[in-house]
Every structure is written in structure tokens, then in C-alpha cells.
>>> print(open('query_8.pdb').read())   # PDB, C-alpha atoms, pLDDT in the B column
MODEL        1
ATOM      1  CA  MET A 244     -43.570  19.557   2.462  1.00 83.00           C
ATOM      2  CA  ALA A 245     -41.176  22.505   2.604  1.00 86.00           C
ATOM      3  CA  ALA A 246     -42.185  25.794   4.202  1.00 87.00           C
ATOM      4  CA  ILE A 247     -40.812  28.681   2.143  1.00 93.00           C
ATOM      5  CA  THR A 248     -41.790  32.317   1.683  1.00 90.00           C
ATOM      6  CA  LEU A 249     -42.962  34.523  -1.153  1.00 91.00           C
ATOM      7  CA  GLY A 250     -42.385  38.180  -0.360  1.00 90.00           C
ATOM      8  CA  GLY A 251     -41.966  37.174   3.269  1.00 93.00           C
ATOM      9  CA  ASN A 252     -45.342  35.417   3.364  1.00 93.00           C
ATOM     10  CA  PRO A 253     -45.343  31.699   4.240  1.00 95.00           C
ATOM     11  CA  ILE A 254     -46.171  29.241   1.465  1.00 94.00           C
ATOM     12  CA  ASN A 255     -45.649  25.498   1.048  1.00 94.00           C
ATOM     13  CA  THR A 256     -44.340  23.061  -1.510  1.00 96.00           C
ATOM     14  CA  SER A 257     -45.975  19.790  -2.480  1.00 94.00           C
ATOM     15  CA  GLY A 258     -43.336  17.620  -0.825  1.00 95.00           C
ATOM     16  CA  SER A 259     -39.677  17.279   0.037  1.00 96.00           C
ATOM     17  CA  LEU A 260     -36.696  17.307  -2.274  1.00 97.00           C
ATOM     18  CA  PRO A 261     -35.073  13.966  -3.078  1.00 97.00           C
ATOM     19  CA  SER A 262     -32.401  13.028  -0.528  1.00 97.00           C
ATOM     20  CA  VAL A 263     -28.717  13.567  -1.136  1.00 98.00           C
ATOM     21  CA  GLY A 264     -27.237  10.165  -1.965  1.00 98.00           C
ATOM     22  CA  SER A 265     -30.441   8.864  -3.554  1.00 98.00           C
ATOM     23  CA  LYS A 266     -31.016   8.047  -7.218  1.00 98.00           C
ATOM     24  CA  ALA A 267     -32.489  11.025  -9.057  1.00 98.00           C
ATOM     25  CA  PRO A 268     -36.103  10.445 -10.108  1.00 97.00           C
ATOM     26  CA  ASP A 269     -36.564  10.115 -13.856  1.00 97.00           C
ATOM     27  CA  PHE A 270     -38.320  12.921 -15.685  1.00 97.00           C
ATOM     28  CA  ASN A 271     -39.974  13.785 -18.975  1.00 97.00           C
ATOM     29  CA  LEU A 272     -39.420  17.424 -19.871  1.00 98.00           C
ATOM     30  CA  ILE A 273     -39.950  19.373 -23.071  1.00 97.00           C
ATOM     31  CA  LYS A 274     -37.089  20.950 -25.018  1.00 95.00           C
ATOM     32  CA  GLU A 275     -37.305  24.169 -27.059  1.00 91.00           C
ATOM     33  CA  ASP A 276     -38.079  22.126 -30.209  1.00 94.00           C
ATOM     34  CA  LEU A 277     -41.013  20.474 -28.337  1.00 96.00           C
ATOM     35  CA  SER A 278     -39.305  17.078 -28.199  1.00 96.00           C
ATOM     36  CA  THR A 279     -39.226  15.157 -24.928  1.00 97.00           C
ATOM     37  CA  VAL A 280     -36.056  14.563 -22.952  1.00 97.00           C
ATOM     38  CA  THR A 281     -35.518  12.207 -19.997  1.00 97.00           C
ATOM     39  CA  LEU A 282     -32.897  11.905 -17.295  1.00 97.00           C
ATOM     40  CA  ALA A 283     -31.358   8.993 -19.232  1.00 97.00           C
ATOM     41  CA  ASP A 284     -30.619  11.360 -22.139  1.00 97.00           C
ATOM     42  CA  PHE A 285     -27.993  12.996 -19.915  1.00 96.00           C
ATOM     43  CA  SER A 286     -26.411   9.752 -18.688  1.00 95.00           C
ATOM     44  CA  GLY A 287     -22.674  10.112 -18.107  1.00 96.00           C
ATOM     45  CA  SER A 288     -22.841  13.879 -17.532  1.00 96.00           C
ATOM     46  CA  LYS A 289     -22.959  15.808 -14.302  1.00 95.00           C
ATOM     47  CA  LEU A 290     -26.100  17.929 -14.077  1.00 96.00           C
ATOM     48  CA  VAL A 291     -26.954  21.233 -12.469  1.00 94.00           C
ATOM     49  CA  LEU A 292     -30.734  21.496 -12.220  1.00 95.00           C
ATOM     50  CA  ASN A 293     -31.544  25.198 -11.930  1.00 91.00           C
ATOM     51  CA  ILE A 294     -35.265  25.165 -11.146  1.00 93.00           C
ATOM     52  CA  PHE A 295     -37.426  28.271 -10.795  1.00 88.00           C
ATOM     53  CA  PRO A 296     -40.983  29.657 -11.134  1.00 90.00           C
ATOM     54  CA  SER A 297     -40.601  31.644 -14.387  1.00 86.00           C
ATOM     55  CA  VAL A 298     -37.802  32.977 -16.558  1.00 77.00           C
ATOM     56  CA  ASP A 299     -39.795  36.229 -16.795  1.00 69.00           C
ATOM     57  CA  THR A 300     -39.001  37.252 -13.224  1.00 67.00           C
ATOM     58  CA  GLY A 301     -35.846  39.074 -12.137  1.00 59.00           C
ATOM     59  CA  THR A 302     -34.299  36.492  -9.816  1.00 63.00           C
ATOM     60  CA  CYS A 303     -35.056  33.610 -12.172  1.00 49.00           C
ATOM     61  CA  ALA A 304     -33.455  35.461 -15.069  1.00 65.00           C
ATOM     62  CA  THR A 305     -30.406  36.223 -12.925  1.00 72.00           C
ATOM     63  CA  SER A 306     -29.966  32.557 -12.003  1.00 70.00           C
ATOM     64  CA  VAL A 307     -30.083  31.548 -15.681  1.00 68.00           C
ATOM     65  CA  ARG A 308     -27.511  34.234 -16.584  1.00 73.00           C
ATOM     66  CA  THR A 309     -25.244  33.255 -13.680  1.00 78.00           C
ATOM     67  CA  PHE A 310     -25.299  29.527 -14.396  1.00 74.00           C
ATOM     68  CA  ASN A 311     -24.840  30.262 -18.132  1.00 67.00           C
ATOM     69  CA  ALA A 312     -21.645  32.196 -17.342  1.00 75.00           C
ATOM     70  CA  LYS A 313     -20.299  29.445 -15.097  1.00 75.00           C
ATOM     71  CA  ALA A 314     -21.365  26.534 -17.346  1.00 66.00           C
ATOM     72  CA  SER A 315     -18.679  27.179 -19.940  1.00 64.00           C
ATOM     73  CA  GLU A 316     -16.048  26.466 -17.271  1.00 78.00           C
ATOM     74  CA  LEU A 317     -17.528  23.138 -16.126  1.00 82.00           C
ATOM     75  CA  LEU A 318     -16.152  19.846 -17.451  1.00 85.00           C
ATOM     76  CA  ASN A 319     -18.616  17.099 -18.377  1.00 91.00           C
ATOM     77  CA  THR A 320     -21.443  19.167 -16.881  1.00 91.00           C
ATOM     78  CA  LYS A 321     -24.744  20.342 -18.297  1.00 91.00           C
ATOM     79  CA  VAL A 322     -26.890  23.074 -16.771  1.00 88.00           C
ATOM     80  CA  LEU A 323     -30.614  22.366 -17.108  1.00 93.00           C
ATOM     81  CA  CYS A 324     -32.874  25.371 -16.482  1.00 88.00           C
ATOM     82  CA  ILE A 325     -36.302  23.999 -15.625  1.00 94.00           C
ATOM     83  CA  SER A 326     -39.586  25.854 -15.214  1.00 93.00           C
ATOM     84  CA  ARG A 327     -43.232  25.621 -16.222  1.00 94.00           C
ATOM     85  CA  ASP A 328     -42.721  28.363 -18.822  1.00 91.00           C
ATOM     86  CA  LEU A 329     -43.608  27.445 -22.373  1.00 93.00           C
ATOM     87  CA  PRO A 330     -40.536  26.379 -24.390  1.00 90.00           C
ATOM     88  CA  PHE A 331     -41.124  29.387 -26.672  1.00 87.00           C
ATOM     89  CA  ALA A 332     -40.705  31.816 -23.767  1.00 85.00           C
ATOM     90  CA  GLN A 333     -37.545  30.040 -22.608  1.00 79.00           C
ATOM     91  CA  LYS A 334     -36.085  30.185 -26.125  1.00 78.00           C
ATOM     92  CA  ARG A 335     -37.030  33.860 -26.529  1.00 77.00           C
ATOM     93  CA  PHE A 336     -35.365  34.792 -23.253  1.00 70.00           C
ATOM     94  CA  CYS A 337     -32.111  32.951 -23.927  1.00 59.00           C
ATOM     95  CA  GLY A 338     -31.992  34.221 -27.517  1.00 60.00           C
ATOM     96  CA  ALA A 339     -32.479  37.832 -26.437  1.00 58.00           C
ATOM     97  CA  GLU A 340     -29.839  37.426 -23.712  1.00 61.00           C
ATOM     98  CA  GLY A 341     -27.350  35.522 -25.897  1.00 63.00           C
ATOM     99  CA  LEU A 342     -27.295  32.596 -23.467  1.00 63.00           C
ATOM    100  CA  ALA A 343     -25.976  29.445 -25.124  1.00 68.00           C
ATOM    101  CA  ASN A 344     -24.454  27.403 -22.280  1.00 70.00           C
ATOM    102  CA  VAL A 345     -27.675  26.239 -20.622  1.00 79.00           C
ATOM    103  CA  ILE A 346     -30.396  23.828 -21.706  1.00 88.00           C
ATOM    104  CA  ASN A 347     -33.945  25.051 -21.150  1.00 90.00           C
ATOM    105  CA  LEU A 348     -36.526  22.419 -20.276  1.00 95.00           C
ATOM    106  CA  SER A 349     -40.218  22.912 -19.637  1.00 96.00           C
ATOM    107  CA  ASP A 350     -42.602  21.073 -17.320  1.00 97.00           C
ATOM    108  CA  PHE A 351     -45.614  22.832 -18.862  1.00 96.00           C
ATOM    109  CA  LYS A 352     -47.606  19.779 -19.952  1.00 93.00           C
ATOM    110  CA  ASN A 353     -48.569  18.277 -16.597  1.00 92.00           C
ATOM    111  CA  GLY A 354     -46.147  19.511 -13.943  1.00 94.00           C
ATOM    112  CA  SER A 355     -45.008  15.964 -13.184  1.00 96.00           C
ATOM    113  CA  PHE A 356     -41.384  17.014 -12.652  1.00 97.00           C
ATOM    114  CA  GLY A 357     -42.381  19.489  -9.930  1.00 97.00           C
ATOM    115  CA  LYS A 358     -44.563  16.887  -8.244  1.00 96.00           C
ATOM    116  CA  ASP A 359     -42.024  14.033  -8.519  1.00 97.00           C
ATOM    117  CA  TYR A 360     -39.207  16.197  -7.148  1.00 97.00           C
ATOM    118  CA  GLY A 361     -41.434  17.603  -4.339  1.00 97.00           C
ATOM    119  CA  LEU A 362     -40.870  21.228  -5.325  1.00 96.00           C
ATOM    120  CA  GLU A 363     -44.193  22.336  -6.780  1.00 96.00           C
ATOM    121  CA  ILE A 364     -45.659  25.315  -4.960  1.00 95.00           C
ATOM    122  CA  ALA A 365     -48.832  24.065  -3.280  1.00 95.00           C
ATOM    123  CA  ASP A 366     -50.527  27.346  -2.364  1.00 92.00           C
ATOM    124  CA  SER A 367     -50.410  31.135  -2.916  1.00 91.00           C
ATOM    125  CA  VAL A 368     -50.639  33.026  -6.188  1.00 92.00           C
ATOM    126  CA  PHE A 369     -47.721  30.867  -7.436  1.00 93.00           C
ATOM    127  CA  ALA A 370     -49.591  27.571  -6.840  1.00 94.00           C
ATOM    128  CA  GLY A 371     -48.630  25.055  -9.510  1.00 96.00           C
ATOM    129  CA  LEU A 372     -45.297  26.705 -10.369  1.00 95.00           C
ATOM    130  CA  HIS A 373     -41.913  25.377  -9.302  1.00 95.00           C
ATOM    131  CA  SER A 374     -40.181  26.720  -6.233  1.00 95.00           C
ATOM    132  CA  ARG A 375     -36.592  27.936  -6.536  1.00 90.00           C
ATOM    133  CA  VAL A 376     -34.338  24.894  -6.170  1.00 95.00           C
ATOM    134  CA  VAL A 377     -30.873  23.770  -7.234  1.00 95.00           C
ATOM    135  CA  ILE A 378     -30.075  20.072  -7.479  1.00 97.00           C
ATOM    136  CA  ILE A 379     -26.694  18.597  -8.447  1.00 96.00           C
ATOM    137  CA  ILE A 380     -26.708  15.113  -9.968  1.00 97.00           C
ATOM    138  CA  ASP A 381     -23.497  13.181 -10.660  1.00 96.00           C
ATOM    139  CA  GLU A 382     -22.702  11.266 -13.839  1.00 95.00           C
ATOM    140  CA  ASN A 383     -24.242   8.112 -12.314  1.00 96.00           C
ATOM    141  CA  GLY A 384     -27.602   9.743 -11.583  1.00 97.00           C
ATOM    142  CA  ILE A 385     -27.001  10.174  -7.837  1.00 97.00           C
ATOM    143  CA  ILE A 386     -28.070  13.374  -6.112  1.00 98.00           C
ATOM    144  CA  LYS A 387     -25.044  15.110  -4.600  1.00 97.00           C
ATOM    145  CA  TYR A 388     -26.559  18.413  -3.456  1.00 97.00           C
ATOM    146  CA  THR A 389     -29.941  20.077  -3.000  1.00 97.00           C
ATOM    147  CA  GLU A 390     -30.971  23.571  -2.041  1.00 96.00           C
ATOM    148  CA  GLN A 391     -34.565  24.643  -1.504  1.00 96.00           C
ATOM    149  CA  VAL A 392     -34.240  28.437  -1.506  1.00 94.00           C
ATOM    150  CA  SER A 393     -36.226  29.616   1.502  1.00 94.00           C
ATOM    151  CA  GLU A 394     -37.475  32.897  -0.035  1.00 93.00           C
ATOM    152  CA  ILE A 395     -38.612  32.777  -3.675  1.00 88.00           C
ATOM    153  CA  ALA A 396     -37.065  36.200  -4.388  1.00 88.00           C
ATOM    154  CA  ASN A 397     -33.595  35.125  -3.189  1.00 89.00           C
ATOM    155  CA  GLU A 398     -30.892  33.689  -5.419  1.00 87.00           C
ATOM    156  CA  PRO A 399     -29.517  30.215  -4.755  1.00 90.00           C
ATOM    157  CA  ASN A 400     -26.067  29.647  -3.279  1.00 91.00           C
ATOM    158  CA  TYR A 401     -24.192  29.264  -6.574  1.00 88.00           C
ATOM    159  CA  ASP A 402     -20.819  28.582  -4.947  1.00 88.00           C
ATOM    160  CA  ALA A 403     -22.116  25.762  -2.725  1.00 94.00           C
ATOM    161  CA  ALA A 404     -23.946  24.161  -5.651  1.00 91.00           C
ATOM    162  CA  LEU A 405     -20.931  24.270  -7.948  1.00 88.00           C
ATOM    163  CA  ALA A 406     -18.619  23.024  -5.191  1.00 91.00           C
ATOM    164  CA  ALA A 407     -20.727  19.855  -5.059  1.00 92.00           C
ATOM    165  CA  LEU A 408     -19.672  19.019  -8.619  1.00 88.00           C
TER     166      LEU A 408
ENDMDL
END
>>> encode(input="query_8.pdb", output="C-alpha cells")
Amino acid sequence: MAAITLGGNPINTSGSLPSVGSKAPDFNLIKEDLSTVTLADFSGSKLVLNIFPSVDTGTCATSVRTFNAKASELLNTKVLCISRDLPFAQKRFCGAEGLANVINLSDFKNGSFGKDYGLEIADSVFAGLHSRVVIIIDENGIIKYTEQVSEIANEPNYDAALAAL
């Protein structure tokens, strides 16, 4: 369990992030068209998992915009923006912002991604949402980098994450 903060107040996650060097856990997430996607669907590509509580908050929106801008420069890399938002909200946000270089995926059905990756918020008013995390996965499905952002309102370290690619 990770100890993080929300507005400076201590909160906890449901577990620990997968270890660097380990095989990334599989997932079933929902795309904007309501179809299901798994980790295997991205086999052969490097992945940036940009994980956050909700696209409708300032810091989360900033992380999507920032990774969208950087994604067009990345070779053989896909940026997956993952939250518990409904796919319709994710699509609305990216459409309104003109963001086309990221793939929005939702864990709204049962939150299994957040539980399996140990990043679900376990308590506080955000209980059940995802904490702010960045995970880099190589083209072979191996985790190369993780960052559990210690304060929900803070942005991740974009440069360190992208350097891991």
C-alpha cells in the first residue's frame, strides 16, 4: 500500500505498483467505442500509461495535454490515458481539446485495472478512483519505469518517464 496525499492530507492506495523489471499485468479496459482492449492488443509497442483520477480535474487534464504533445514525437510508442471516467467523458474532453495522439481507456466497469496494478485509492473522498501514476512498458511487456505521484494535485515527472523509453 502506498501512502500519498490529497490536498496535503494522507490517503492510501490499495497496494503497490508492479515492480520495474516485472511483466506488466494484463488488463481489460474499455475504449471510447465501448469495445474492450487488453495489454496484448498493444504487443510490440512501447506504452506510456498515464493514469489519473478523472480527466475533469485540472492536473489530470494537463497530464493528458502534455503527453498528447509529446506522443507525436515518440517512435513505436502509444500513450494510454487511463481513468475510471466513462468513455463518453474521455472522448468529449479529447474532442474539445483537439487531442488525437493519446488513447483513452476506461476502468469504469469494475475497477480491476486499479486493483491489479495496486493504484486504486483505498480511502478518502476519492476512494475507488485511480491515483496519479505513470508506468512505462517496453515492447515486450516488461515494466521499465513507475512513478506513484505522492500528492494527487501534482503532475508526474514527464521527463523521467519519457527518458525510460
>>> residues_around(input="query_8.pdb", residues="A:Ser286", least_positions_apart="5", cutoff="12 Å", atoms="all atoms listed in the file", output="list in words")
Ala267, Asp269, Val280, Thr281, Asn319, Thr320, Lys321, Ile380, Asp381, Glu382, Asn383, Gly384 and Ile385 of chain A
>>> resolve_selection(input="query_8.pdb", expression="the PyMOL selection byres ((chain A and resi 394-397) around 10)", output="PyMOL selection string")
chain A and resi 246-254+295-296+300-303+306+373-376+391-393+398-400
>>> resolve_selection(input="query_8.pdb", expression="the PyMOL selection byres ((chain A and resi 331-333) around 10)", output="ChimeraX atom specification")
/A:274-277,297-299,324-330,334-338,346-349
>>> atom_distance(input="query_8.pdb", atom1="atom CA of A:Ala403", atom2="atom CA of A:Met244")
22.9 Å
>>> atom_distance(input="query_8.pdb", atom1="atom CA of A:Glu363", atom2="atom CA of A:Phe351")
12.2 Å
>>> residues_around(input="query_8.pdb", residues="A:Pro261", least_positions_apart="2", cutoff="10 Å", atoms="only C-alpha atoms", output="count of residues only")
16
>>> atom_distance(input="query_8.pdb", atom1="atom CA of A:Lys352", atom2="atom CA of A:Ser367")
20.7 Å
>>> closest_residue(input="query_8.pdb", among="A:Leu260, A:Ala312, A:Leu272, A:Leu318", to="A:Gly287", atoms="all atoms listed in the file")
A:Leu318
>>> closest_residue(input="query_8.pdb", among="A:Leu408, A:Val368, A:Ala245, A:Val322", to="A:Thr309", atoms="all atoms listed in the file")
A:Val322
>>> closest_residue(input="query_8.pdb", among="A:Phe356, A:Leu323, A:Val377, A:Thr256", to="A:Leu290", atoms="all atoms listed in the file")
A:Leu323
>>> closest_residue(input="query_8.pdb", among="A:Ser278, A:Lys358, A:Asp350, A:Lys313", to="A:Ala406", atoms="all atoms listed in the file")
A:Lys313
>>> closest_residue(input="query_8.pdb", among="A:Gly357, A:Ala370, A:Ser262, A:Ala365", to="A:Ile294", atoms="all atoms listed in the file")
A:Gly357
